[in-house]
file coords_4.cif (mmCIF, C-alpha atoms)
data_start
loop_
_atom_site.label_atom_id
_atom_site.label_comp_id
_atom_site.auth_asym_id
_atom_site.auth_seq_id
_atom_site.Cartn_x
_atom_site.Cartn_y
_atom_site.Cartn_z
CA MET R 1 -59.76 221.34 107.24
CA LEU R 2 -62.87 220.59 109.29
CA PHE R 3 -65.19 221.22 106.33
CA LEU R 4 -63.14 219.40 103.70
CA GLN R 5 -64.96 216.41 102.24
CA ALA R 6 -63.41 213.42 100.52
CA PRO R 7 -64.16 213.37 96.76
CA PRO R 8 -66.99 211.00 95.74
CA ASP R 9 -66.03 207.47 94.68
CA THR R 10 -66.31 207.65 90.89
CA SER R 11 -63.66 205.02 90.20
CA ARG R 12 -66.08 202.64 88.40
CA PHE R 13 -66.63 205.35 85.75
CA LEU R 14 -62.87 205.81 85.44
CA ILE R 15 -62.34 202.06 84.98
CA ALA R 16 -65.18 201.82 82.43
CA GLY R 17 -63.76 204.76 80.44
CA TYR R 18 -60.22 203.45 80.25
CA VAL R 19 -61.30 199.87 79.52
CA ILE R 20 -63.38 201.12 76.57
CA ALA R 21 -60.54 203.36 75.29
CA VAL R 22 -57.99 200.53 75.45
CA VAL R 23 -60.31 197.88 73.97
CA VAL R 24 -61.36 200.09 71.03
CA MET R 25 -57.74 200.96 70.28
CA LEU R 26 -56.71 197.27 70.38
CA LEU R 27 -59.67 196.25 68.22
CA TYR R 28 -58.79 198.87 65.61
CA ALA R 29 -55.14 197.75 65.54
CA LEU R 30 -56.34 194.14 65.23
CA SER R 31 -58.68 195.06 62.37
CA LEU R 32 -55.78 196.72 60.51
CA TYR R 33 -53.68 193.58 60.99
CA LEU R 34 -56.43 191.18 59.88
CA ARG R 35 -57.32 193.28 56.81
CA GLN R 36 -53.65 193.41 55.83
CA ARG R 37 -53.30 189.63 56.18
CA ARG R 38 -56.40 189.03 54.05
CA LEU R 39 -55.15 191.41 51.35
CA GLU R 40 -51.72 189.76 51.33
CA ARG R 41 -53.41 186.38 50.75
CA ASP R 42 -55.61 187.85 47.98
CA LEU R 43 -52.58 189.46 46.36
CA GLN R 44 -50.65 186.19 46.43
CA ASP R 45 -53.58 184.25 44.91
CA LEU R 46 -54.08 186.87 42.18
CA GLU R 47 -50.37 186.93 41.31
CA GLU R 48 -50.41 183.12 40.96
CA LEU R 49 -53.46 183.36 38.71
CA ALA R 50 -51.78 186.07 36.61
CA GLU R 51 -48.71 183.83 36.14
CA GLN R 52 -50.87 180.91 34.99
CA GLN R 53 -52.64 183.01 32.34
CA PRO R 54 -51.12 182.84 28.83
CA MET Y 1 -46.05 194.85 49.14
CA PRO Y 2 -42.64 196.16 50.30
CA PRO Y 3 -41.65 195.11 53.84
CA ARG Y 4 -42.37 197.44 56.75
CA PRO Y 5 -39.77 200.26 56.66
CA LEU Y 6 -37.45 200.69 59.65
CA ALA Y 7 -39.02 204.06 60.53
CA LEU Y 8 -42.45 202.41 60.77
CA LYS Y 9 -41.05 199.62 62.96
CA ILE Y 10 -39.58 202.26 65.29
CA LEU Y 11 -42.89 204.13 65.30
CA ASP Y 12 -44.75 200.89 66.16
CA ILE Y 13 -42.57 200.29 69.20
CA ALA Y 14 -42.68 203.97 70.22
CA SER Y 15 -46.48 204.00 69.92
CA VAL Y 16 -46.94 200.96 72.17
CA LEU Y 17 -44.55 202.37 74.77
CA LEU Y 18 -46.12 205.84 74.61
CA PHE Y 19 -49.62 204.39 74.95
CA LEU Y 20 -48.59 202.44 78.07
CA ALA Y 21 -46.81 205.53 79.43
CA ALA Y 22 -49.91 207.68 78.76
CA LEU Y 23 -52.02 205.17 80.70
CA TRP Y 24 -49.58 205.28 83.61
CA VAL Y 25 -49.35 209.09 83.60
CA ALA Y 26 -53.15 209.51 83.47
CA LEU Y 27 -54.00 206.85 86.05
CA VAL Y 28 -51.06 207.06 88.48
CA TYR Y 29 -49.09 210.30 88.03
CA ALA Y 30 -52.01 212.73 87.64
CA PRO Y 31 -53.39 213.94 90.96
CA LEU Y 32 -56.92 213.14 92.15
CA GLU Y 33 -59.26 216.07 91.50
CA ALA Y 34 -60.84 217.36 94.72
CA VAL Y 35 -64.48 217.72 93.59
CA MET Y 36 -65.15 215.00 90.98
CA GLY Y 37 -62.69 212.40 92.21
CA ALA Y 38 -61.30 209.62 89.99
CA VAL Y 39 -63.62 210.15 87.02
CA GLN Y 40 -61.88 213.46 86.21
CA LYS Y 41 -58.94 211.37 84.94
CA VAL Y 42 -61.10 210.31 82.00
CA PHE Y 43 -60.50 213.86 80.78
CA TYR Y 44 -56.89 213.11 79.70
CA PHE Y 45 -57.84 210.42 77.19
CA HIS Y 46 -61.03 212.28 76.24
CA ILE Y 47 -59.09 215.36 75.17
CA ALA Y 48 -56.27 213.35 73.54
CA ASN Y 49 -58.76 211.34 71.46
CA ALA Y 50 -60.62 214.52 70.49
CA TRP Y 51 -57.35 216.21 69.46
CA ILE Y 52 -56.37 213.32 67.20
CA ALA Y 53 -59.85 213.13 65.69
CA MET Y 54 -59.85 216.85 64.85
CA LEU Y 55 -56.31 216.61 63.49
CA GLY Y 56 -57.35 213.69 61.27
CA PHE Y 57 -60.45 215.39 59.94
CA ILE Y 58 -58.41 218.48 59.08
CA ALA Y 59 -55.70 216.29 57.49
CA ALA Y 60 -58.44 214.64 55.40
CA GLY Y 61 -59.60 218.07 54.19
CA VAL Y 62 -56.02 219.04 53.28
CA ALA Y 63 -55.57 215.72 51.44
CA GLY Y 64 -58.82 216.44 49.63
CA VAL Y 65 -57.46 219.79 48.41
CA ALA Y 66 -54.21 218.08 47.39
CA TYR Y 67 -56.21 215.55 45.34
CA LEU Y 68 -58.26 218.25 43.61
CA VAL Y 69 -55.05 220.08 42.67
CA THR Y 70 -52.88 217.12 41.63
CA LYS Y 71 -55.51 214.44 40.68
CA ASN Y 72 -53.12 211.92 42.26
CA LEU Y 73 -55.05 209.02 43.83
CA LYS Y 74 -52.52 208.67 46.65
CA TRP Y 75 -54.16 211.72 48.26
CA ASP Y 76 -57.49 209.93 48.20
CA MET Y 77 -55.86 207.10 50.19
CA VAL Y 78 -54.50 209.59 52.73
CA GLU Y 79 -57.93 211.22 53.01
CA LEU Y 80 -59.81 207.93 53.52
CA SER Y 81 -57.23 206.68 56.02
CA ALA Y 82 -57.34 209.90 58.06
CA VAL Y 83 -61.16 209.87 58.18
CA GLU Y 84 -61.36 206.21 59.24
CA ILE Y 85 -58.86 206.65 62.09
CA SER Y 86 -60.43 209.93 63.19
CA LEU Y 87 -63.87 208.32 63.35
CA VAL Y 88 -62.54 205.64 65.70
CA PHE Y 89 -60.89 208.23 67.94
CA PHE Y 90 -63.89 210.52 67.85
CA SER Y 91 -66.27 207.70 68.83
CA VAL Y 92 -64.07 207.04 71.87
CA THR Y 93 -64.11 210.80 72.64
CA ILE Y 94 -67.91 210.82 72.70
CA VAL Y 95 -68.16 207.66 74.82
CA LEU Y 96 -65.56 208.96 77.31
CA GLY Y 97 -67.35 212.31 77.49
CA SER Y 98 -70.60 210.52 78.22
CA ILE Y 99 -68.99 208.42 80.96
CA TRP Y 100 -67.58 211.59 82.54
CA ALA Y 101 -70.91 213.41 82.15
CA TYR Y 102 -72.97 210.98 84.20
CA PRO Y 103 -71.37 211.69 87.60
CA ALA Y 104 -70.75 215.36 86.70
CA TRP Y 105 -74.11 216.30 85.11
CA ASN Y 106 -76.27 213.41 86.28
CA THR Y 107 -77.05 212.46 82.69
CA TRP Y 108 -75.23 210.43 80.01
CA TRP Y 109 -76.23 212.82 77.24
CA THR Y 110 -77.80 216.25 76.77
CA TRP Y 111 -78.45 218.24 73.58
CA ASP Y 112 -75.91 220.88 74.50
CA PRO Y 113 -74.25 222.85 71.61
CA ARG Y 114 -70.93 220.98 72.01
CA LEU Y 115 -72.48 217.54 72.25
CA THR Y 116 -74.87 218.23 69.40
CA SER Y 117 -72.15 219.56 67.10
CA ALA Y 118 -69.94 216.56 68.01
CA ALA Y 119 -72.76 214.13 67.14
CA ILE Y 120 -73.30 215.92 63.80
CA LEU Y 121 -69.55 215.78 63.08
CA GLU Y 122 -69.50 212.02 63.74
CA LEU Y 123 -72.52 211.47 61.48
CA ILE Y 124 -71.05 213.61 58.66
CA TYR Y 125 -67.95 211.42 58.48
CA LEU Y 126 -69.86 208.15 58.95
CA ALA Y 127 -71.94 209.20 55.94
CA TYR Y 128 -68.70 209.90 54.04
CA LEU Y 129 -67.59 206.27 54.48
CA MET Y 130 -71.01 204.92 53.52
CA LEU Y 131 -71.41 207.15 50.46
CA ARG Y 132 -67.95 206.24 49.17
CA GLN Y 133 -68.99 202.59 49.06
CA GLY Y 134 -71.65 203.44 46.47
CA ILE Y 135 -69.24 204.89 43.88
CA GLU Y 136 -67.46 202.36 41.64
CA ASP Y 137 -65.24 204.63 39.53
CA PRO Y 138 -62.06 205.41 41.58
CA GLU Y 139 -61.61 208.91 40.13
CA ARG Y 140 -65.23 209.90 40.68
CA ARG Y 141 -65.04 208.46 44.19
CA ALA Y 142 -61.87 210.43 44.92
CA ARG Y 143 -63.38 213.67 43.55
CA PHE Y 144 -66.52 213.17 45.64
CA GLY Y 145 -64.42 212.39 48.72
CA ALA Y 146 -62.24 215.45 48.26
CA VAL Y 147 -65.18 217.84 47.96
CA TYR Y 148 -67.03 216.12 50.83
CA THR Y 149 -64.11 216.29 53.28
CA LEU Y 150 -63.50 219.89 52.30
CA ILE Y 151 -67.10 220.85 53.10
CA GLY Y 152 -67.27 218.46 56.09
CA GLY Y 153 -64.09 220.04 57.43
CA VAL Y 154 -66.06 223.22 58.16
CA SER Y 155 -67.85 221.39 60.99
CA VAL Y 156 -64.51 220.72 62.74
CA PRO Y 157 -63.79 224.33 63.86
CA ILE Y 158 -67.52 224.82 64.60
CA THR Y 159 -67.41 221.86 67.01
CA PHE Y 160 -64.18 223.14 68.54
CA VAL Y 161 -65.38 226.71 69.17
CA SER Y 162 -68.99 225.80 70.06
CA ILE Y 163 -68.23 225.88 73.80
CA ARG Y 164 -66.75 229.36 73.41
CA LEU Y 165 -69.50 230.76 71.18
CA PHE Y 166 -72.69 229.37 72.72
CA ARG Y 167 -74.17 229.07 76.19
CA THR Y 168 -73.18 225.57 77.23
CA ILE Y 169 -72.76 223.31 80.25
CA HIS Y 170 -69.64 221.74 78.72
CA PRO Y 171 -66.60 223.04 80.65
CA VAL Y 172 -63.83 225.01 78.90
CA VAL Y 173 -60.63 223.79 80.50
CA VAL Y 174 -58.30 226.22 78.74
CA GLY Y 175 -59.52 229.84 78.77
CA ALA Y 176 -62.59 231.53 80.26
CA GLN Y 177 -65.74 229.46 80.54
CA ASP Y 178 -69.47 230.12 80.53
CA PRO Y 179 -70.89 230.58 84.07
CA SER Y 180 -73.48 227.89 83.28
CA ALA Y 181 -70.76 225.30 82.60
CA GLN Y 182 -70.72 222.39 85.05
CA GLY Y 183 -67.79 220.16 85.97
CA GLY Y 184 -65.00 222.60 85.16
CA PHE Y 185 -61.79 222.50 87.16
CA SER Y 186 -58.51 224.38 87.52
CA MET Y 187 -55.50 222.57 86.14
CA THR Y 188 -52.52 222.05 88.44
CA PRO Y 189 -49.04 221.80 86.83
CA ALA Y 190 -49.15 217.98 87.18
CA MET Y 191 -52.53 217.90 85.40
CA LEU Y 192 -51.17 220.11 82.60
CA ASN Y 193 -48.10 217.85 82.24
CA THR Y 194 -50.39 214.82 81.99
CA MET Y 195 -52.61 216.47 79.39
CA PHE Y 196 -49.68 217.53 77.18
CA PHE Y 197 -48.01 214.12 77.50
CA CYS Y 198 -51.24 212.38 76.41
CA LEU Y 199 -51.56 214.81 73.47
CA LEU Y 200 -48.00 214.03 72.38
CA ALA Y 201 -48.42 210.26 72.82
CA PHE Y 202 -51.65 210.19 70.83
CA SER Y 203 -50.14 212.35 68.07
CA ILE Y 204 -47.38 209.74 67.57
CA ILE Y 205 -49.95 206.91 67.70
CA PHE Y 206 -52.01 208.73 65.05
CA VAL Y 207 -49.01 209.03 62.70
CA THR Y 208 -48.27 205.31 63.15
CA LEU Y 209 -51.86 204.22 62.51
CA LEU Y 210 -52.14 206.57 59.53
CA TRP Y 211 -49.01 205.11 57.94
CA HIS Y 212 -50.31 201.54 58.43
CA ARG Y 213 -53.73 202.49 57.05
CA ILE Y 214 -52.22 204.15 53.96
CA ARG Y 215 -50.15 201.00 53.30
CA LEU Y 216 -53.36 198.99 53.57
CA ALA Y 217 -55.07 201.28 51.05
CA GLN Y 218 -52.12 200.90 48.66
CA MET Y 219 -52.37 197.12 48.93
CA GLN Y 220 -56.12 197.29 48.33
CA GLN Y 221 -55.51 199.32 45.17
CA LYS Y 222 -52.97 196.78 43.93
CA VAL Y 223 -55.46 193.94 44.49
CA GLU Y 224 -58.18 195.85 42.60
CA GLU Y 225 -55.80 196.54 39.69
CA LEU Y 226 -54.81 192.86 39.48
CA LYS Y 227 -58.46 191.79 39.56
CA LEU Y 228 -59.24 194.18 36.69
CA ARG Y 229 -56.26 192.91 34.68
CA LEU Y 230 -57.36 189.29 35.15
CA THR Y 231 -60.98 189.93 34.16
CA ASP Y 232 -60.05 191.89 31.01
#
call {"tool": "encode", "arguments": {"input": "coords_4.cif", "output": "structure tokens"}}
result
Amino acid sequence: MLFLQAPPDTSRFLIAGYVIAVVVMLLYALSLYLRQRRLERDLQDLEELAEQQP
Amino acid sequence: MPPRPLALKILDIASVLLFLAALWVALVYAPLEAVMGAVQKVFYFHIANAWIAMLGFIAAGVAGVAYLVTKNLKWDMVELSAVEISLVFFSVTIVLGSIWAYPAWNTWWTWDPRLTSAAILELIYLAYLMLRQGIEDPERRARFGAVYTLIGGVSVPITFVSIRLFRTIHPVVVGAQDPSAQGGFSMTPAMLNTMFFCLLAFSIIFVTLLWHRIRLAQMQQKVEELKLRLTD
């Protein structure tokens, strides 16, 4: 036990890693949501246009 | 667009809960590694992201084969969706690996066989997305994509086995490793439990994201069809 050393403090790397992983995941989910909303709007506009055409 | 099916709603909730649980298991439940300290815990998300990325790239190759056989464009949507999600996960894998490498190897990046093959893999699939943009005809684009992901898929097993085939400093956590590897560690049962839980959680998250991305591709196709009908 006399020669046992405490592990080095690498917690800032741990925090950086997990913050990046979480942020990227959230950003990707957000991008899916925003793209879906934009497409829904486009689809609605196009359907209205199609109805107006003779 | 039909409303979100019940199964997808359940998957959405399960994915959020599993992601939070994976964070807790990796950060709180997993024991502190004696040599590297806290940064070793990056390993759990690093390996889970890599697993999903590889799974997605292989799924894209399989979807490519399915398209070539059936000529059904729905397989092209599956292929594109799998590649896009895998690229996101694989980018995180590389960044997490780099963050772990600095305290372990004293460098953010080195041209080691595993790191080099991973960088090539990432570039192959980035090029896939860029090249697809340049093809207007949907059937030609789908045929190109299918052949590309089939050939690109070869780099997936090469990247996976590179640390077992070549002399490398990248540790092999499961199985025997090269004596020149640096930063390897023995897995305790709690570490193994954490790793397998993260693999399971990310597998469910992948299925959920893939389903959402395929629905998005279907909606995109519908918009393109309507635009064509209106301009004719």
call {"tool": "interface_residues", "arguments": {"input": "coords_4.cif", "of": "chain Y", "to": "chain R", "cutoff": "7 Å", "atoms": "only C-alpha atoms", "output": "list in words"}}
result
Ala34, Val35, Met36, Gly37, Ala38, Val39, Lys41, Val42, Val92, Leu96, Ile99, Leu216, Met219, Gln220, Val223, Leu226 and Leu230 of chain Y
call {"tool": "closest_residue", "arguments": {"input": "coords_4.cif", "among": "Y:Ala30, Y:Leu20, Y:Val147, Y:Leu6", "to": "Thr194 of chain Y", "atoms": "only C-alpha atoms"}}
result
Y:Ala30
call {"tool": "atom_distance", "arguments": {"input": "coords_4.cif", "atom1": "atom CA of Asp112 of chain Y", "atom2": "atom CA of Pro31 of chain Y"}}
result
28.7 Å
call {"tool": "resolve_selection", "arguments": {"input": "coords_4.cif", "expression": "the PyMOL selection byres ((chain Y and resi 129) around 12)", "output": "MDAnalysis selection string"}}
result
chainID Y and resid 79:87 122:128 130:135 141:142 144:145 148:149
call {"tool": "resolve_selection", "arguments": {"input": "coords_4.cif", "expression": "the PyMOL selection byres ((chain Y and resi 97) around 10)", "output": "PyMOL selection string"}}
result
(chain R and resi 17) or (chain Y and resi 42-43+45-47+50+91-96+98-102+108-109+115+170)
call {"tool": "atom_distance", "arguments": {"input": "coords_4.cif", "atom1": "atom CA of Ser31 of chain R", "atom2": "atom CA of Phe206 of chain Y"}}
result
15.4 Å
call {"tool": "atom_distance", "arguments": {"input": "coords_4.cif", "atom1": "atom CA of Ala217 of chain Y", "atom2": "atom CA of Val154 of chain Y"}}
result
25.5 Å
call {"tool": "resolve_selection", "arguments": {"input": "coords_4.cif", "expression": "the PyMOL selection byres ((chain Y and resi 78) around 12)", "output": "PyMOL selection string"}}
result
chain Y and resi 56-67+72-77+79-85+142+145-146+149+207+209-218
call {"tool": "closest_residue", "arguments": {"input": "coords_4.cif", "among": "Y:Trp51, Y:Phe197, Y:Phe90, Y:Phe160", "to": "Tyr29 of chain Y", "atoms": "all atoms listed in the file"}}
result
Y:Phe197
